[in-house]
Every structure is written in structure tokens, then in C-alpha cells.
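Participant: coords27.cif is the file, holding mmCIF, C-alpha atoms:
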data_final
#
loop_
_atom_site.label_atom_id
_atom_site.label_comp_id
_atom_site.auth_asym_id
_atom_site.auth_seq_id
_atom_site.Cartn_x
_atom_site.Cartn_y
_atom_site.Cartn_z
CA MET V 27 12.18 11.55 38.84
CA ARG V 28 9.60 12.73 36.35
CA ASP V 29 7.36 9.88 35.06
CA ILE V 30 6.46 11.01 31.54
CA LEU V 31 4.24 7.99 30.83
CA ALA V 32 2.12 8.57 33.95
CA GLU V 33 1.63 12.20 32.95
CA ILE V 34 0.54 11.25 29.44
CA ILE V 35 -1.92 8.59 30.62
CA GLU V 36 -3.52 10.94 33.12
CA LYS V 37 -4.20 13.47 30.38
CA LYS V 38 -5.31 10.74 27.95
CA ARG V 39 -8.26 9.73 30.14
CA ALA V 40 -9.74 13.21 29.80
CA VAL V 41 -9.04 13.29 26.05
CA VAL V 42 -10.90 10.01 25.50
CA GLU V 43 -13.92 11.10 27.54
CA GLU V 44 -14.13 14.33 25.55
CA ALA V 45 -13.88 12.40 22.28
CA LYS V 46 -16.80 10.19 23.31
CA LYS V 47 -18.95 13.28 23.88
CA ASN V 48 -18.10 14.73 20.49
CA ASN V 49 -18.30 11.51 18.47
CA SER V 50 -20.28 8.67 19.99
CA LEU V 51 -19.20 5.04 19.75
CA ASP V 52 -22.51 4.15 18.11
CA LYS V 53 -21.89 6.72 15.37
CA ILE V 54 -18.35 5.46 14.81
CA LYS V 55 -19.48 1.82 14.61
CA ALA V 56 -22.13 2.74 12.06
CA GLU V 57 -19.66 4.56 9.82
CA LEU V 58 -16.47 2.47 9.90
CA ASN V 59 -15.45 -0.05 7.25
CA GLN V 60 -14.11 -3.52 8.07
CA GLY V 61 -10.36 -3.93 7.76
CA THR V 62 -8.55 -6.67 5.84
CA HIS V 63 -5.59 -7.45 8.14
CA ARG V 64 -3.18 -5.51 5.93
CA MET V 65 -0.41 -5.39 8.56
CA ARG V 66 -0.48 -9.17 8.89
CA ALA V 67 -0.32 -9.64 5.14
CA VAL V 68 2.75 -7.42 4.82
CA LEU V 69 4.76 -8.58 7.85
CA GLU V 70 4.09 -12.29 7.36
CA LYS V 71 5.30 -12.19 3.76
CA ALA V 72 8.62 -10.43 4.42
CA GLU V 73 11.68 -11.86 6.12
CA PHE V 74 12.30 -8.42 7.64
CA SER V 75 10.27 -5.20 7.61
CA LEU V 76 10.84 -1.51 8.35
CA ILE V 77 7.93 0.25 10.04
CA ALA V 78 8.71 3.93 9.53
CA GLU V 79 7.23 6.40 11.97
CA CYS V 80 6.00 9.81 10.88
CA LYS V 81 7.21 11.46 14.09
CA LEU V 82 7.41 15.22 14.50
CA ASN V 83 7.98 15.62 18.23
CA SER V 84 9.25 13.84 21.33
CA PRO V 85 7.97 14.55 24.87
CA ALA V 86 11.56 14.27 26.09
CA LYS V 87 13.45 16.04 23.26
CA GLY V 88 10.90 18.41 21.80
CA ARG V 89 10.51 19.12 18.08
CA LEU V 90 12.38 16.62 15.91
CA SER V 91 11.36 17.71 12.43
CA THR V 92 10.52 21.21 11.23
CA GLY V 93 11.23 20.77 7.53
CA TYR V 94 8.54 18.19 6.85
CA ASP V 95 4.96 17.52 7.81
CA VAL V 96 3.48 14.06 8.43
CA THR V 97 2.29 13.49 4.87
CA GLN V 98 5.64 14.54 3.40
CA LEU V 99 7.43 12.07 5.68
CA ALA V 100 4.94 9.37 4.69
CA LYS V 101 5.69 9.94 1.00
CA ILE V 102 9.45 9.76 1.54
CA PHE V 103 9.20 6.58 3.62
CA SER V 104 6.84 4.95 1.13
CA GLU V 105 9.19 5.66 -1.78
CA THR V 106 12.42 4.54 -0.08
CA GLY V 107 11.76 1.12 1.42
CA ALA V 108 9.32 1.21 4.34
CA ALA V 109 6.92 -1.74 4.51
CA MET V 110 4.47 0.02 6.81
CA LEU V 111 3.92 3.39 8.47
CA SER V 112 3.29 4.39 12.07
CA VAL V 113 1.35 7.62 12.66
CA HIS V 114 1.08 9.36 16.04
CA THR V 115 -2.27 10.72 17.09
CA ASP V 116 -1.22 11.88 20.57
CA SER V 117 -0.68 15.60 21.09
CA HIS V 118 2.57 15.06 23.01
CA PHE V 119 4.05 14.00 19.66
CA LEU V 120 2.21 16.79 17.79
CA GLY V 121 -0.06 14.07 16.44
CA ARG V 122 -3.69 14.54 15.41
CA ASN V 123 -6.45 12.10 14.50
CA GLU V 124 -6.66 13.82 11.12
CA ASP V 125 -3.12 12.68 10.29
CA ILE V 126 -4.25 9.10 9.66
CA PRO V 127 -6.70 9.82 6.81
CA ALA V 128 -4.23 12.39 5.44
CA VAL V 129 -1.45 9.80 5.29
CA LYS V 130 -3.78 7.19 3.81
CA LYS V 131 -4.37 9.54 0.88
CA VAL V 132 -0.68 9.66 -0.07
CA THR V 133 0.42 6.04 0.47
CA GLY V 134 -0.70 2.52 -0.24
CA LEU V 135 1.18 1.10 2.76
CA PRO V 136 -0.59 -0.19 5.88
CA VAL V 137 -0.86 2.45 8.61
CA MET V 138 -0.71 1.87 12.37
CA ARG V 139 -2.24 4.27 14.85
CA LYS V 140 0.42 5.07 17.47
CA ASP V 141 -1.22 6.26 20.65
CA PHE V 142 -1.73 5.40 24.30
CA ILE V 143 -4.79 3.17 24.04
CA ILE V 144 -6.59 2.75 27.35
CA ASP V 145 -10.18 2.36 26.13
CA GLU V 146 -11.69 0.15 23.42
CA TYR V 147 -13.32 3.30 22.06
CA GLN V 148 -9.90 4.30 20.69
CA ILE V 149 -9.67 1.04 18.73
CA TYR V 150 -12.99 1.62 16.99
CA GLU V 151 -11.96 5.22 16.44
CA ALA V 152 -8.68 4.07 14.88
CA ARG V 153 -10.49 1.91 12.32
CA TRP V 154 -13.01 4.71 11.65
CA LEU V 155 -10.07 7.00 10.88
CA GLY V 156 -8.69 4.41 8.44
CA ALA V 157 -5.93 2.76 10.50
CA ASP V 158 -5.01 -0.82 9.63
CA ALA V 159 -3.43 -1.53 13.02
CA VAL V 160 -2.98 -0.14 16.52
CA LEU V 161 -0.27 -0.15 19.16
CA LEU V 162 -1.21 -1.77 22.48
CA ILE V 163 1.19 -0.98 25.32
CA ALA V 164 1.35 -3.90 27.76
CA ARG V 165 2.63 -1.66 30.56
CA ILE V 166 -0.59 0.38 30.73
CA LEU V 167 -3.05 -2.51 30.32
CA THR V 168 -4.01 -5.44 32.52
CA GLY V 169 -3.71 -8.93 31.05
CA LYS V 170 -7.51 -9.07 30.66
CA GLN V 171 -7.65 -5.68 28.97
CA LEU V 172 -4.97 -6.76 26.54
CA LYS V 173 -6.88 -9.90 25.58
CA ASP V 174 -10.19 -8.02 25.33
CA PHE V 175 -8.67 -5.26 23.21
CA LEU V 176 -7.05 -7.80 20.90
CA GLU V 177 -10.44 -9.41 20.34
CA VAL V 178 -11.89 -6.05 19.31
CA VAL V 179 -8.90 -5.39 17.04
CA HIS V 180 -9.16 -8.73 15.27
CA ASN V 181 -12.96 -8.53 14.92
CA LEU V 182 -12.50 -5.22 13.09
CA GLY V 183 -10.11 -6.80 10.59
CA MET V 184 -7.16 -4.98 12.14
CA ASP V 185 -3.88 -6.09 13.71
CA ALA V 186 -2.00 -4.96 16.82
CA LEU V 187 1.61 -4.52 17.77
CA ILE V 188 1.90 -5.36 21.47
CA GLU V 189 4.59 -3.19 22.98
CA VAL V 190 6.70 -4.63 25.81
CA HIS V 191 9.53 -3.16 27.86
CA ASP V 192 10.49 -5.83 30.39
CA GLU V 193 9.83 -9.45 31.39
CA ALA V 194 6.54 -8.62 33.15
CA ASP V 195 5.25 -6.99 29.95
CA VAL V 196 6.47 -9.98 27.93
CA ASP V 197 4.53 -12.35 30.18
CA LYS V 198 1.32 -10.42 29.46
CA ALA V 199 1.97 -10.45 25.73
CA LEU V 200 2.79 -14.16 25.60
CA ALA V 201 -0.37 -14.98 27.58
CA SER V 202 -2.43 -13.37 24.81
CA ASN V 203 -3.01 -14.54 21.24
CA GLY V 204 -1.20 -11.51 19.86
CA ARG V 205 0.91 -12.29 16.81
CA PHE V 206 3.17 -9.22 16.78
CA ILE V 207 5.33 -8.19 19.73
CA GLY V 208 7.29 -4.94 19.70
CA ILE V 209 10.20 -4.69 22.13
CA ASN V 210 10.52 -1.03 23.01
CA ASN V 211 14.05 0.13 23.73
CA ARG V 212 12.77 3.29 25.37
CA ASN V 213 12.60 3.63 29.15
CA LEU V 214 8.99 4.74 29.66
CA LYS V 215 9.85 6.83 32.71
CA THR V 216 12.83 8.74 31.32
CA PHE V 217 12.35 8.12 27.55
CA ALA V 218 16.08 7.26 27.17
CA THR V 219 16.78 4.53 24.58
CA SER V 220 19.16 1.59 24.03
CA ILE V 221 18.80 -1.39 21.67
CA GLU V 222 20.39 -3.50 24.42
CA ASN V 223 16.89 -3.81 25.85
CA THR V 224 15.83 -5.87 22.84
CA LEU V 225 18.98 -7.96 22.90
CA GLU V 226 18.48 -8.73 26.59
CA LEU V 227 14.77 -9.61 26.28
CA LEU V 228 14.98 -11.81 23.18
CA PRO V 229 16.33 -14.90 25.03
CA TYR V 230 13.56 -14.58 27.65
CA ILE V 231 10.92 -14.43 24.92
CA GLU V 232 12.42 -17.41 23.11
CA ARG V 233 12.40 -19.51 26.31
CA ASN V 234 8.79 -18.69 27.18
CA ASN V 235 7.08 -18.35 23.82
CA THR V 236 4.78 -21.26 22.94
CA GLN V 237 3.26 -19.69 19.81
CA ALA V 238 5.68 -20.42 16.97
CA ASP V 239 4.34 -17.86 14.50
CA ARG V 240 4.97 -14.72 16.56
CA ILE V 241 6.88 -11.93 14.84
CA LEU V 242 9.23 -9.81 16.97
CA ILE V 243 9.86 -6.15 16.17
CA SER V 244 12.43 -3.88 17.84
CA GLU V 245 11.27 -0.30 18.49
CA SER V 246 13.13 2.95 19.17
CA GLY V 247 16.80 3.77 19.61
CA ILE V 248 17.66 2.47 16.12
CA HIS V 249 19.88 4.95 14.31
CA ASP V 250 21.31 3.25 11.22
CA GLY V 251 21.83 0.09 9.22
CA SER V 252 24.37 -1.25 11.72
CA ASP V 253 21.82 -1.24 14.55
CA THR V 254 19.29 -2.83 12.24
CA GLU V 255 21.62 -5.64 11.15
CA LYS V 256 22.50 -6.41 14.76
CA LEU V 257 18.82 -6.74 15.64
CA ARG V 258 18.06 -8.86 12.55
CA LEU V 259 20.87 -11.27 13.37
CA ALA V 260 19.59 -11.52 16.95
CA GLY V 261 16.20 -12.74 15.72
CA CYS V 262 14.01 -9.71 15.07
CA ARG V 263 11.75 -9.74 12.02
CA GLY V 264 11.55 -5.98 11.80
CA VAL V 265 12.23 -2.57 13.30
CA LEU V 266 10.07 0.44 14.05
CA VAL V 267 12.08 3.63 13.54
CA GLY V 268 10.97 7.22 14.00
CA GLU V 269 13.55 9.63 15.39
CA GLY V 270 16.43 7.82 13.68
CA LEU V 271 14.84 8.62 10.33
CA VAL V 272 13.37 12.09 10.80
CA VAL V 273 16.55 13.63 12.26
CA ALA V 274 18.80 12.19 9.52
CA GLU V 275 20.37 14.67 7.09
CA ASP V 276 19.08 12.53 4.23
CA ILE V 277 15.78 10.99 5.38
CA GLY V 278 15.25 9.00 2.21
CA GLY V 279 18.84 7.77 2.21
CA MET V 280 18.60 6.59 5.84
CA THR V 281 15.30 4.88 5.13
CA LYS V 282 16.95 2.98 2.28
CA GLU V 283 19.94 2.08 4.51
CA ILE V 284 17.81 0.67 7.31
CA ALA V 285 15.47 -1.17 4.93
CA ALA V 286 18.44 -2.69 3.06
CA ALA V 287 20.09 -3.83 6.31
CA GLY V 288 17.16 -6.11 6.93
CA ARG V 289 17.57 -7.99 3.68
#
So that I can check it, write out the structure of this file as C-alpha cells.

Facilitator:
Amino acid sequence: MRDILAEIIEKKRAVVEEAKKNNSLDKIKAELNQGTHRMRAVLEKAEFSLIAECKLNSPAKGRLSTGYDVTQLAKIFSETGAAMLSVHTDSHFLGRNEDIPAVKKVTGLPVMRKDFIIDEYQIYEARWLGADAVLLIARILTGKQLKDFLEVVHNLGMDALIEVHDEADVDKALASNGRFIGINNRNLKTFATSIENTLELLPYIERNNTQADRILISESGIHDGSDTEKLRLAGCRGVLVGEGLVVAEDIGGMTKEIAAAGR
């Protein structure tokens, strides 16, 4: 069976090394501005939050949106109830680094860099681009890497959403001081989705979590307000939705529906 994640990570190593040649870490450190933990401020204040993803393409399904570009999606989401935005910078999703500063120009919402982060260079790069937060995928990091990367994130005034897929990933996340845990409903090998993954993992997290202030977010496979309400009632404090929004006939209307379901 094709392992899409393994393919992406293999290519990512070469992309990161090329980026380092073109834009040194020393240069990036000298030019970036300190963050102000904007993700934390937004998600802590709200009982439930919608993180809307400006997603144009899926490695498994191909092009998802042809009628809008990333900045147009960002404007719609910002005007119809999103609390925060997620912006892809990986080419498999038709993402570009330039999309982060472009989105920051059209919205006042916090922006998370969505990518496959395997090197701390990418965290500094994210802040240099203007991102307020990053996604850290537990599956592709060791427990030590996750803790080290979180330290870099927090020292830069940023926040991180730690993405987990199963109990082993959860154990890594809970062993760190990460505040935000995203339960991904997508199978990383096949990219199929089901919100049952969140519903099955929540009891395990509740039994093993010793840090009372963690905020749990469900990611992917969320299609409407009904899915959102089910996840909210199960204990999630938010959802991250990309495909479910961008393929809707009325993107703004679906954004409003999902945001309202969390209230």
C-alpha cells in the first residue's frame, strides 16, 4: 500500500536542505520579530474555536478548490466565524512560503504554518514568514525532538498544535509541555478520514493527561455543523477544518454553520 506520508517526508528533507542554502538560519534569526502567543490568547479565551484551513489541494484527492486562491479563502473565513487560520506551505497541498505573509496582509486572525516540520530551521522560518503558530506532527518526531521543538516555538513567542493519530502519538504529546493537542482523523498512510478516531482517542487522553489546561482540537474529516457538535459534546475545544469548507457550495455559509455549532 502506498505510504503518502513517507513519500512526503523523504522529499521534505531535500526541500529543507535547499532552503538552508538559499536563506541561512543566521539571516532568518537576525530578521525575525518575536511573537506574542496569539494562538494561545485566542484559543484560551473561547469555549470552542474553528481553525479554518486555506487548503487548495490534497495529495490523495487532488485539487479541491479552483475558484478561490489562499488569500480569498482567508478573507471569507475571517469574515464568517473562524477564530484562526491554517495555511499550508507544502507543495503537495499547492502551498508556498509566500502564502503566509500574503494571508497576514488580509486578516487580523492568528495564522498557523501547516507543514511537515522535521528540522528546527522550519520553526524559525515560520516565524520569519509571520506565522503565529506551527503544526508539530508527533508521528514524524521523536519524543526528544518534540520537546526540543516546543522549546524553540515557545522561545519565539509562538504556539504549536501537536498532531496525534493514535495512542503512541498521544503518549509523546502528553509527555511534553505542549498545551494544544490536535487529534487528526486522517489515516496518514491512506489519507482516508473519520471523526471516530477522535471519539475513540478522547477517553485515552482523559485517562492519561496530567496537565489540566490542555486544549483538544479535532482535525480533518469534519463536514458540517453536526460533526462539529458531536465533537464539542465529546470534549473537544475546537476543530480544524479544510476540505469540509473549501468544497462546500457556500464556503461562507458552511464556515458560519461550523463556527455556530461550537457555541

Participant: Report, in Å to a single decimal, how far apart atom CA of V:Ile241 and atom CA of V:Ile166 are.

Facilitator: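 Straight-line distance from atom CA of V:Ile166 to atom CA of V:Ile241 works out to 21.4 Å.
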
Participant: Return the single residue from V:Ile149, V:Ile248, V:Ile231, V:Ile163 that is closest to V:Ile54, with distances computed using all atoms listed in the file.

Facilitator: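 Nearest to V:Ile54: V:Ile149.
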
Participant: Please identify all polymer residues within 8 Å of stretch 109-125 of chain V, counting all atoms listed in the file, omitting same-chain residues fewer than 5 positions from it, and present them as a VMD selection string.

Facilitator: chain V and resid 34 65 68 to 69 75 to 85 96 to 97 100 103 to 104 135 to 142 155

Participant: Could those residues be written to a file, using C-alpha atoms, as an mmCIF file, in the coordinates of the input?

Facilitator:
data_model
loop_
_atom_site.group_PDB
_atom_site.id
_atom_site.type_symbol
_atom_site.label_atom_id
_atom_site.label_comp_id
_atom_site.auth_asym_id
_atom_site.auth_seq_id
_atom_site.Cartn_x
_atom_site.Cartn_y
_atom_site.Cartn_z
ATOM 1 C CA ILE V 34 0.540 11.250 29.440
ATOM 2 C CA MET V 65 -0.410 -5.390 8.560
ATOM 3 C CA VAL V 68 2.750 -7.420 4.820
ATOM 4 C CA LEU V 69 4.760 -8.580 7.850
ATOM 5 C CA SER V 75 10.270 -5.200 7.610
ATOM 6 C CA LEU V 76 10.840 -1.510 8.350
ATOM 7 C CA ILE V 77 7.930 0.250 10.040
ATOM 8 C CA ALA V 78 8.710 3.930 9.530
ATOM 9 C CA GLU V 79 7.230 6.400 11.970
ATOM 10 C CA CYS V 80 6.000 9.810 10.880
ATOM 11 C CA LYS V 81 7.210 11.460 14.090
ATOM 12 C CA LEU V 82 7.410 15.220 14.500
ATOM 13 C CA ASN V 83 7.980 15.620 18.230
ATOM 14 C CA SER V 84 9.250 13.840 21.330
ATOM 15 C CA PRO V 85 7.970 14.550 24.870
ATOM 16 C CA VAL V 96 3.480 14.060 8.430
ATOM 17 C CA THR V 97 2.290 13.490 4.870
ATOM 18 C CA ALA V 100 4.940 9.370 4.690
ATOM 19 C CA PHE V 103 9.200 6.580 3.620
ATOM 20 C CA SER V 104 6.840 4.950 1.130
ATOM 21 C CA LEU V 135 1.180 1.100 2.760
ATOM 22 C CA PRO V 136 -0.590 -0.190 5.880
ATOM 23 C CA VAL V 137 -0.860 2.450 8.610
ATOM 24 C CA MET V 138 -0.710 1.870 12.370
ATOM 25 C CA ARG V 139 -2.240 4.270 14.850
ATOM 26 C CA LYS V 140 0.420 5.070 17.470
ATOM 27 C CA ASP V 141 -1.220 6.260 20.650
ATOM 28 C CA PHE V 142 -1.730 5.400 24.300
ATOM 29 C CA LEU V 155 -10.070 7.000 10.880
#

Participant: Taking the file as I've supplied it (selection: the PyMOL selection byres ((chain V and resi 73) around 9)), which residues are included? Please answer as a list in words.

Facilitator: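 This file gives the following for the PyMOL selection byres ((chain V and resi 73) around 9): Leu69, Glu70, Lys71, Ala72, Phe74, Ser75, Arg263, Gly264, Gly288 and Arg289 of chain V.
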
Participant: In terms of the shortest atom-to-atom distance over all atoms listed in the file, which of V:Val190, V:Ala274, V:Met184, V:Leu200 is closest to V:Ser91?

Facilitator: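 Looking at the shortest contact to V:Ser91, the residue is V:Ala274.
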
Participant: May I have the centre and edge lengths, in Å to one decimal, of an axis-aligned box around the listed atoms of stretch 205-215 of chain V with 8 Å added to every side, as JSON?

Facilitator:
{"center_x": 7.5, "center_y": -2.7, "center_z": 24.7, "size_x": 29.1, "size_y": 35.1, "size_z": 31.9}

Participant: Quick check, in Å to one decimal: how far apart do atom CA of V:Gly268 and atom CA of V:Val41 lie?

Facilitator: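 Computed distance, atom CA of V:Gly268 to atom CA of V:Val41, equals 24.1 Å.
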
Participant: What's the separation between atom CA of V:Phe175 and atom CA of V:Ala152, in Å to one decimal place?

Facilitator: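 Between atom CA of V:Phe175 and atom CA of V:Ala152 the gap works out to 12.5 Å.
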
Participant: Step by step, work through what the PyMOL selection byres ((chain V and resi 173) around 9) selects in the shown file, and finish by giving those residues as a list in words.

Facilitator: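 When the PyMOL selection byres ((chain V and resi 173) around 9) is applied to the shown file, the picked residues are Thr168, Gly169, Lys170, Gln171, Leu172, Asp174, Phe175, Leu176, Glu177, Val178, Ala199, Ala201, Ser202, Asn203 and Gly204 of chain V.
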
Participant: With all atoms listed in the file as the atoms that count, which of V:Leu162, V:Ile35, V:Ala186, V:Ala40 lies nearest to V:Arg240?

Facilitator: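 Nearest candidate to V:Arg240 out of V:Leu162, V:Ile35, V:Ala186, V:Ala40: V:Ala186.
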
Participant: Can you pull out every residue within 12 Å of V:Thr219, counting all atoms listed in the file, but drop anything in the same chain fewer than 5 positions away, and send it as a PyMOL selection string?

Facilitator: chain V and resi 86+191+209-214+224+244-249+269-270

Participant: Considering all atoms listed in the file, return as a ChimeraX atom specification whatever protein or nucleic-acid residues lie within 9 Å of V:Ala287, sequence-local ones (same chain, fewer than 2 positions apart) excluded.

Facilitator: /V:250-255,258,282-285,289

Participant: Return the single residue from V:Ile30, V:Ala157, V:Leu51, V:Met280 that is closest to V:Val267, with distances computed using only C-alpha atoms.

Facilitator: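 Closest to V:Val267 of all the choices is V:Met280.
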
Participant: With all atoms listed in the file as the basis for distance, which of V:Lys131, V:Asp95, V:Glu33, V:Tyr150 is at the shortest distance from V:Leu58?

Facilitator: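 Of V:Lys131, V:Asp95, V:Glu33, V:Tyr150, the one nearest V:Leu58, counting all atoms listed in the file, is V:Tyr150.
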